[in-house]
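So the structure is just underneath, and the comments pick up after that.
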Amino acid sequence: MTDDSDRASDDRWQQLNKCPQCGTDMQRETAVGERIGLYYRCPTHGRFRYSWDADRLEPVGDLE
């Protein structure tokens, strides 16, 4: 493996920590109960979930 592939992985992971709408750092939420997946919260734009199928962050509604 090369350092380039490691760097690309790090860059991709950092993209998941940024809001896709405004670029603000997001807080990762812990998985609780039946919620499975990677969930993030932007203070401005709300909650996002990483979609393995689409390979991107998608907006989701707030918990009730």
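Letters A, B, ... go to the chains of the structure tokens in the order shown; residues in each chain start at 1; ligands are counted from 1 in the same order.
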| query | Could you name the residues that touch Gly46 of chain A at 10 Å or less, counting only C-alpha atoms, but leaving out those on the same chain fewer than 6 positions away, as number ranges by chain? | reply | A: 19, 26, 40, 59-62
Keeping only C-alpha atoms, write the selected residues as an mmCIF file, in the first residue's frame.
data_model
loop_
_atom_site.group_PDB
_atom_site.id
_atom_site.type_symbol
_atom_site.label_atom_id
_atom_site.label_comp_id
_atom_site.auth_asym_id
_atom_site.auth_seq_id
_atom_site.Cartn_x
_atom_site.Cartn_y
_atom_site.Cartn_z
ATOM 1 C CA CYS A 19 -21.843 19.225 6.960
ATOM 2 C CA MET A 26 -20.451 17.953 12.795
ATOM 3 C CA TYR A 40 -24.030 13.148 12.576
ATOM 4 C CA PRO A 59 -30.469 14.435 5.818
ATOM 5 C CA VAL A 60 -32.773 12.671 8.297
ATOM 6 C CA GLY A 61 -35.444 14.002 10.647
ATOM 7 C CA ASP A 62 -34.799 14.796 14.281
#
| Residue contacts of Arg28 of chain A (9 Å, only C-alpha atoms) excluding same-chain residues fewer than 2 positions away, as a list in words | Asn17, Met26, Thr30, Leu38, Tyr39, Tyr40 and Arg41 of chain A
Can you write just those residues out, N, CA, C and O atoms, as a compact mmCIF listing (two decimals), in the first residue's frame?
# COMPACT_ATOMS: atom_id res chain seq x y z
N ASN A 17 -17.19 14.16 8.47
CA ASN A 17 -17.29 14.97 9.67
C ASN A 17 -17.70 16.41 9.37
O ASN A 17 -17.82 17.22 10.28
N MET A 26 -19.27 18.55 12.19
CA MET A 26 -20.45 17.95 12.79
C MET A 26 -20.05 17.05 13.95
O MET A 26 -18.94 16.54 14.00
N THR A 30 -24.02 8.83 18.97
CA THR A 30 -23.86 7.43 19.32
C THR A 30 -25.09 6.63 18.89
O THR A 30 -26.19 7.15 18.87
N LEU A 38 -24.20 5.36 10.93
CA LEU A 38 -23.41 6.52 11.32
C LEU A 38 -24.28 7.76 11.21
O LEU A 38 -24.73 8.12 10.13
N TYR A 39 -24.54 8.39 12.35
CA TYR A 39 -25.36 9.59 12.41
C TYR A 39 -24.52 10.77 12.86
O TYR A 39 -23.66 10.63 13.74
N TYR A 40 -24.76 11.92 12.26
CA TYR A 40 -24.03 13.15 12.58
C TYR A 40 -25.03 14.27 12.77
O TYR A 40 -26.14 14.23 12.25
N ARG A 41 -24.62 15.32 13.49
CA ARG A 41 -25.48 16.47 13.71
C ARG A 41 -24.72 17.75 13.41
O ARG A 41 -23.64 18.00 13.93
Surrounding residues of Cys22 of chain A excluding itself and chain neighbours under 3 positions, 10 Å, only C-alpha atoms, as a CSV table (one decimal) with N, CA, C and O atoms, in the first residue's frame:
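Just written: around.csv:
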chain,number,residue,atom,x,y,z
A,18,LYS,N,-17.9,16.7,8.1
A,18,LYS,CA,-18.3,18.1,7.7
A,18,LYS,C,-19.7,18.1,7.1
A,18,LYS,O,-20.1,17.2,6.4
A,19,CYS,N,-20.5,19.1,7.5
A,19,CYS,CA,-21.8,19.2,7.0
A,19,CYS,C,-21.8,19.4,5.4
A,19,CYS,O,-21.0,20.2,4.9
A,25,ASP,N,-18.0,21.6,11.0
A,25,ASP,CA,-17.7,20.4,11.7
A,25,ASP,C,-19.0,19.8,12.4
A,25,ASP,O,-19.7,20.6,13.0
A,42,CYS,N,-25.3,18.6,12.5
A,42,CYS,CA,-24.8,19.9,12.3
A,42,CYS,C,-25.7,20.9,13.1
A,42,CYS,O,-26.9,20.8,13.1
A,44,THR,N,-26.6,23.8,12.6
A,44,THR,CA,-27.4,24.6,11.7
A,44,THR,C,-28.4,23.8,10.9
A,44,THR,O,-29.6,24.1,10.8
A,45,HIS,N,-28.0,22.7,10.3
A,45,HIS,CA,-28.8,21.9,9.4
A,45,HIS,C,-29.4,20.6,9.9
A,45,HIS,O,-30.0,19.9,9.2
| request: Tell me which protein, DNA and RNA residues are within 9 Å of Pro20 of chain A, counting only C-alpha atoms, leaving out same-chain ones fewer than 2 positions away, and put them as a PyMOL selection string. | output: chain A and resi 15-16+18+22-24+56-58
